[in-house]
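See structure below.
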Amino acid sequence: MKGFDYARASDLSDAIGSTARLIAGGTNLLDLMKLEVETPEVLLDINRIGLDQIATHGEGLRIGALVTNADCAADLRIRQGYPLLSRAILAGASPQLRNRATTGGNLCQRTRCGYFTDLASRCNKRQPGSGCDAIGGVTRNHAILGASVNCIATYPGDMAVALAALDGVVQIAGPDGMRNVPVRQFHRLPEDDPSRDNVLAAGEVITSVTLPAPGRGRQIYRKVRDRASYAFALVSVAAIIDMVDGRIARADLAFGGVAHKPWHDPLVGQVLLGERPSPALFRHAAELLLEGAQGHGGNDFKIPLLHRTLGAVLTEATGGSDVFQL
Amino acid sequence: MFRAPPARFVVNGAEFDYAGDPRRTLLDFLRYDLALCGTKKGCDHGQCGACTVIVDGKRVNSCLTLAVMQDGCEITTIEGIGTPHHLSALQRAFIKHDGFQCGYCTPGQICSATALLQELRNGWPSIGEPDDDLRERMSGNLCRCGAYSNIIMAIREVIEEPAA
Ligand SMILES: Cc1cc2nc3c(=O)[nH]c(=O)nc-3n(C[C@H](O)[C@H](O)[C@H](O)COP(=O)(O)OP(=O)(O)OC[C@H]3O[C@@H](n4cnc5c(N)ncnc54)[C@H](O)[C@@H]3O)c2cc1C
Ligand code: SF4
Ligand code: FES
Ligand code: FES
């Protein structure tokens with residue numbers, strides 16, 4: 001690890017506009033600092049600035065940026081109104097990590113692309129302009145949607161996929177005041193600047209994430225991974241589906257493990273609305289979702305895997321028992 | 001030398017000050033500075049759970065947090081959980097059920113399981129299968145020797161017979 005100065009922020013104003021790197025749980029940042037992928041000169045510890053409560057916010061909730069993943073998943077209001085969020089968090093990492101991981105840090109976690117963490121490899125995200133060794137390399141955990149010629153990495157997290165389906169909003173404090181960014185727009189596509197994972201600007205601090213009123217519907221988070229637990233998603237589906245008189249009245253969907261951001265395509269939800277559930281309908285939705293999907297060899301399997309996982313989730317969410325046929 | 005404010009925290013009931021290099025992880029502080037070598041380093045990257053200790057009642061990976069970040073915290077390591085003459089119920093159960101082979105992962109397993117008992121009392125949720133939930137709840141602790149089934153038996157016994 002490279003050397004750094006360390007300071008403790010005592011309130012939010014210490015952190016806003018700071019040129020130091022913020023450290024919350026440290027579970028992602030210290031991991032990457034040990035590898036010297038991250039080499040901050042100054043760390044500012046924000047664990048003592050408050051923002052560690054969940055409070056009501058209109059008909060919804062406000063989750064402070066320093067609320068741990070464990071506390072968020074265990075909160076009764078979250079479990080009752082937003083079980084999708086609780087389950088997505090519990091499907092990620094380990095109990096030990098979730099005790100430290102925070103709402104803000106989780107949103108900002110970096111990709112698990114193996115070339116990003118290997119200093120001997122070329123990586124446009126780590127070193128802009130150097131190239132991308134993932135393209136043509138080992139691509140098992142890489143993107144099938146929204147990638148660019150500069151970077152095919154995925155955003156690896158689970159929590160944000162649930163937040164995207166729930167249409168949460170990130171509150172950000174900066175030197176020029178507060179701004180709100182929907183979770184669906186918080187992470188970026190790589191385009192020609194993969195070094196930027198999200199829209200945070202220098203000196204900005206995430207203060208909370210708000211959730212709208214829970215609304216009606218069945219909430220499901222299904223994560224497919226290489227082992228039963230303690231592994232990142234190959235693909236994941238977050239779904240809120242409401243049925244009224246046998247027809248789909250609400251369909252909010254987001255997908256993890258497939259793009260540089262939690263993937264949300266409004267058209268996929270729209271084709272389901274007002275329809276009666278059927279294998280043909282689900283196939284149509286999956287085809288629409290995967291229209292522009294592109295594999296890179298090692299991750300080609302994610303295309304049929306996401307197709308089938310979406311089908312299975314929609315079948316379950318709409319109360320169907322028929323085995324989904326590709 | 002890099003700058004950092006000192007940190008004062010409690011380890012197994014005794015108070016310590018840390019004012020050294022901010023790069024020191026809590027894990028390295030426990031092992032090198034305090035010679036509390038029960039806590040083990042497996043991966044040093046949050047992937048194995050061998051370094052699990054209890055901070056303010058919560059199980060955490062001591063490899064992914066810094067000593068300077070512990071200011072004001074109360075830390076319990078395996079040395080604070082029991083001694084050879086005063087074993088905790090979990091320690092006795094691990095011995096009874098052969099919950100280890102080489103023993104390298106065991107301090108982490110027992111610290112993790114100790115905090116898990118409190119999580120259960122607090123009603124914390126889990127996504128494990130209802131009748132097989134301990135495996136999910138203990139998934140943050142790997143065991144290269146594969147003593148998993150005995151580890152689960154030991155923990156289950158303590159959960160089911162709290163007075164044993
Ligand atoms: C072995 C392992 C397995 C894992 N498995 C999963 C998994 O299956 N699913 C999953 O979703 N995650 C997984 N994770 C990742 C884990 O969820 C993240 O490491 C964690 O959520 C990061 O939160 P933190 O508070 O520790 O962030 P930190 O490491 O403290 O910070 C991460 C980044 O966020 C920035 N930051 C933190 N707080 C703020 C803020 N308030 N405002 C602005 N910037 C901020 C920091 O500057 C830093 O750049 C895993 C991690 C490990 C080590
Ligand atoms: S996919 Fe992105 S993160 Fe991975 S090597 Fe290429 S540029 Fe780097
Ligand atoms: S040594 Fe900390 S998790 Fe492996
Ligand atoms: S007993 Fe050897 S690693 Fe678990």
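Quick note on naming: the chains in the structure tokens go A, B, ... in the order shown, residues restart at 1 in each chain, and ligands are numbered from 1 in order of appearance.
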If you run DSSP on the backbone, which residues of segment 177-316 of chain A are strand (DSSP E), as a ChimeraX atom specification? /A:177-182,205-211,218-224,235-244,247-256
9 Å contacts from chain B to chain A using only C-alpha atoms, as a PyMOL selection string: chain B and resi 1-5+21-23+44-47+49+52+58-61+63-66+68-69+112+116+123-127+136-141
What does the distance between atom CA of Glu59 of chain A and atom CA of Gln185 of chain A come to in Å, to one decimal place? 22.2 Å
May I ask which of the residues A:Asp252, A:Asp192, A:Asp265, A:Asp300 is the closest one to Leu234 of chain A, counting only C-alpha atoms?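 Nearest to Leu234 of chain A: A:Asp300.
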Segment 173-178 of chain A: which residues within 10 Å, counting only C-alpha atoms, same-chain residues fewer than 4 positions away excluded, as a ChimeraX atom specification? /A:12-13,15-18,200-208
Take the residues from that selection and write them out as a short mmCIF file (atom, residue, chain, number, x, y, z; two decimals), in the first residue's frame, keeping C-alpha atoms.
data_model
loop_
_atom_site.label_atom_id
_atom_site.label_comp_id
_atom_site.auth_asym_id
_atom_site.auth_seq_id
_atom_site.Cartn_x
_atom_site.Cartn_y
_atom_site.Cartn_z
CA LEU A 12 -20.55 16.75 6.73
CA SER A 13 -19.04 20.19 6.09
CA ALA A 15 -16.21 16.31 3.74
CA ILE A 16 -17.94 18.60 1.23
CA GLY A 17 -15.40 20.04 -1.20
CA SER A 18 -12.57 18.02 0.34
CA LEU A 200 -20.15 12.22 -8.70
CA ALA A 201 -17.92 15.25 -9.19
CA ALA A 202 -14.82 16.09 -7.19
CA GLY A 203 -15.71 17.29 -3.70
CA GLU A 204 -19.21 15.81 -3.75
CA VAL A 205 -20.52 13.57 -0.98
CA ILE A 206 -23.47 11.18 -1.07
CA THR A 207 -25.64 12.03 1.94
CA SER A 208 -28.60 9.66 1.50
#
Give me the residues of segment 116-162 of chain A that have any atom at most 10 Å from an atom of segment 220-223 of chain A; for each, the nearest atom pair and the distance in Å, rounded to one decimal. Use only C-alpha atoms, sort by chain and number, and format it as a tab-separated table.
residue	atom	partner	partner_atom	distance
A:Asp158	CA	A:Lys223	CA	8.4
A:Val161	CA	A:Tyr221	CA	9.0
A:Ala162	CA	A:Tyr221	CA	7.4
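What separates atom CA of Leu273 of chain A from atom CA of Ala249 of chain A is a distance of 5.6 Å.
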Name the residues, by chain letter and number, that sit within 8 Å of ligand 4 using only C-alpha atoms and all ligand atoms, and give them as a ChimeraX atom specification. /B:99-106,142-148
Using C-alpha atoms, can you export the residues from the last selection as a compact mmCIF listing (two decimals), in the first residue's frame?
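The result, stored in again.txt:
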# COMPACT_ATOMS: atom_id res chain seq x y z
CA GLY B 99 -15.33 -28.32 14.10
CA PHE B 100 -11.80 -27.99 12.68
CA GLN B 101 -8.88 -29.89 11.27
CA CYS B 102 -5.82 -27.64 10.89
CA GLY B 103 -7.50 -24.96 13.01
CA TYR B 104 -6.37 -21.99 10.92
CA CYS B 105 -9.87 -20.74 10.17
CA THR B 106 -11.19 -21.57 13.66
CA LEU B 142 -14.16 -20.31 4.47
CA CYS B 143 -12.50 -23.51 5.70
CA ARG B 144 -9.90 -25.06 3.41
CA CYS B 145 -10.06 -28.28 5.42
CA GLY B 146 -13.76 -28.52 4.73
CA ALA B 147 -14.87 -28.95 8.34
CA TYR B 148 -18.13 -27.21 7.43
Using only C-alpha atoms, determine which residues lie at most 9 Å from Arg156 of chain B, disregarding the query and same-chain residues fewer than 5 positions distant; provide the list as a count of residues only. 3
Considering only C-alpha atoms, return as a list in words whatever protein or nucleic-acid residues lie within 10 Å of Met243 of chain A, sequence-local ones (same chain, fewer than 3 positions apart) excluded. Arg216, Gly217, Arg218, Gly246, Arg247, Ile248, Ala249, Arg250, Ala251, Leu273, Gly274, Glu275, Arg276, Pro277, Ala317, Thr318 and Gly319 of chain A
Only N, CA, C and O atoms, please: the residues just picked out, written as an mmCIF file, in the first residue's frame.
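Writing done, so here's out_38.cif:
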data_model
loop_
_atom_site.group_PDB
_atom_site.id
_atom_site.type_symbol
_atom_site.label_atom_id
_atom_site.label_comp_id
_atom_site.auth_asym_id
_atom_site.auth_seq_id
_atom_site.Cartn_x
_atom_site.Cartn_y
_atom_site.Cartn_z
ATOM 1 N N ARG A 216 -47.719 -1.029 -4.728
ATOM 2 C CA ARG A 216 -48.188 -2.409 -4.696
ATOM 3 C C ARG A 216 -47.270 -3.318 -5.501
ATOM 4 O O ARG A 216 -46.517 -2.854 -6.334
ATOM 5 N N GLY A 217 -47.413 -4.601 -5.245
ATOM 6 C CA GLY A 217 -46.738 -5.554 -6.115
ATOM 7 C C GLY A 217 -45.807 -6.490 -5.390
ATOM 8 O O GLY A 217 -45.399 -6.250 -4.260
ATOM 9 N N ARG A 218 -45.498 -7.552 -6.086
ATOM 10 C CA ARG A 218 -44.603 -8.570 -5.561
ATOM 11 C C ARG A 218 -43.175 -8.170 -5.895
ATOM 12 O O ARG A 218 -42.881 -7.754 -7.008
ATOM 13 N N GLY A 246 -55.836 -10.276 -13.184
ATOM 14 C CA GLY A 246 -55.160 -11.180 -14.118
ATOM 15 C C GLY A 246 -54.265 -10.480 -15.127
ATOM 16 O O GLY A 246 -53.701 -11.123 -16.014
ATOM 17 N N ARG A 247 -54.153 -9.155 -15.016
ATOM 18 C CA ARG A 247 -53.267 -8.438 -15.943
ATOM 19 C C ARG A 247 -52.157 -7.741 -15.171
ATOM 20 O O ARG A 247 -52.325 -7.394 -14.009
ATOM 21 N N ILE A 248 -51.038 -7.535 -15.842
ATOM 22 C CA ILE A 248 -49.889 -6.913 -15.194
ATOM 23 C C ILE A 248 -50.127 -5.404 -15.091
ATOM 24 O O ILE A 248 -50.320 -4.722 -16.104
ATOM 25 N N ALA A 249 -50.172 -4.905 -13.852
ATOM 26 C CA ALA A 249 -50.486 -3.490 -13.636
ATOM 27 C C ALA A 249 -49.251 -2.680 -13.246
ATOM 28 O O ALA A 249 -49.284 -1.449 -13.245
ATOM 29 N N ARG A 250 -48.203 -3.364 -12.857
ATOM 30 C CA ARG A 250 -46.952 -2.665 -12.550
ATOM 31 C C ARG A 250 -45.801 -3.590 -12.908
ATOM 32 O O ARG A 250 -45.847 -4.778 -12.581
ATOM 33 N N ALA A 251 -44.787 -3.055 -13.571
ATOM 34 C CA ALA A 251 -43.617 -3.875 -13.926
ATOM 35 C C ALA A 251 -42.380 -2.991 -13.900
ATOM 36 O O ALA A 251 -42.057 -2.323 -14.879
ATOM 37 N N LEU A 273 -47.069 -4.148 -19.388
ATOM 38 C CA LEU A 273 -48.209 -3.477 -18.753
ATOM 39 C C LEU A 273 -49.523 -3.763 -19.484
ATOM 40 O O LEU A 273 -49.594 -3.689 -20.709
ATOM 41 N N GLY A 274 -50.536 -4.090 -18.690
ATOM 42 C CA GLY A 274 -51.869 -4.311 -19.244
ATOM 43 C C GLY A 274 -52.042 -5.684 -19.874
ATOM 44 O O GLY A 274 -53.124 -6.040 -20.326
ATOM 45 N N GLU A 275 -50.990 -6.475 -19.920
ATOM 46 C CA GLU A 275 -51.052 -7.789 -20.581
ATOM 47 C C GLU A 275 -51.315 -8.902 -19.576
ATOM 48 O O GLU A 275 -51.007 -8.778 -18.391
ATOM 49 N N ARG A 276 -51.856 -9.995 -20.098
ATOM 50 C CA ARG A 276 -51.964 -11.212 -19.295
ATOM 51 C C ARG A 276 -50.639 -11.968 -19.404
ATOM 52 O O ARG A 276 -50.075 -12.068 -20.487
ATOM 53 N N PRO A 277 -50.157 -12.497 -18.278
ATOM 54 C CA PRO A 277 -48.865 -13.196 -18.344
ATOM 55 C C PRO A 277 -48.928 -14.433 -19.233
ATOM 56 O O PRO A 277 -49.923 -15.158 -19.210
ATOM 57 N N ALA A 317 -43.317 -14.056 -10.392
ATOM 58 C CA ALA A 317 -43.944 -12.821 -9.910
ATOM 59 C C ALA A 317 -45.410 -12.734 -10.307
ATOM 60 O O ALA A 317 -46.207 -12.105 -9.620
ATOM 61 N N THR A 318 -45.777 -13.348 -11.442
ATOM 62 C CA THR A 318 -47.158 -13.257 -11.899
ATOM 63 C C THR A 318 -47.966 -14.457 -11.422
ATOM 64 O O THR A 318 -49.103 -14.645 -11.840
ATOM 65 N N GLY A 319 -47.338 -15.260 -10.566
ATOM 66 C CA GLY A 319 -48.074 -16.365 -9.961
ATOM 67 C C GLY A 319 -48.198 -17.582 -10.848
ATOM 68 O O GLY A 319 -48.935 -18.510 -10.546
#
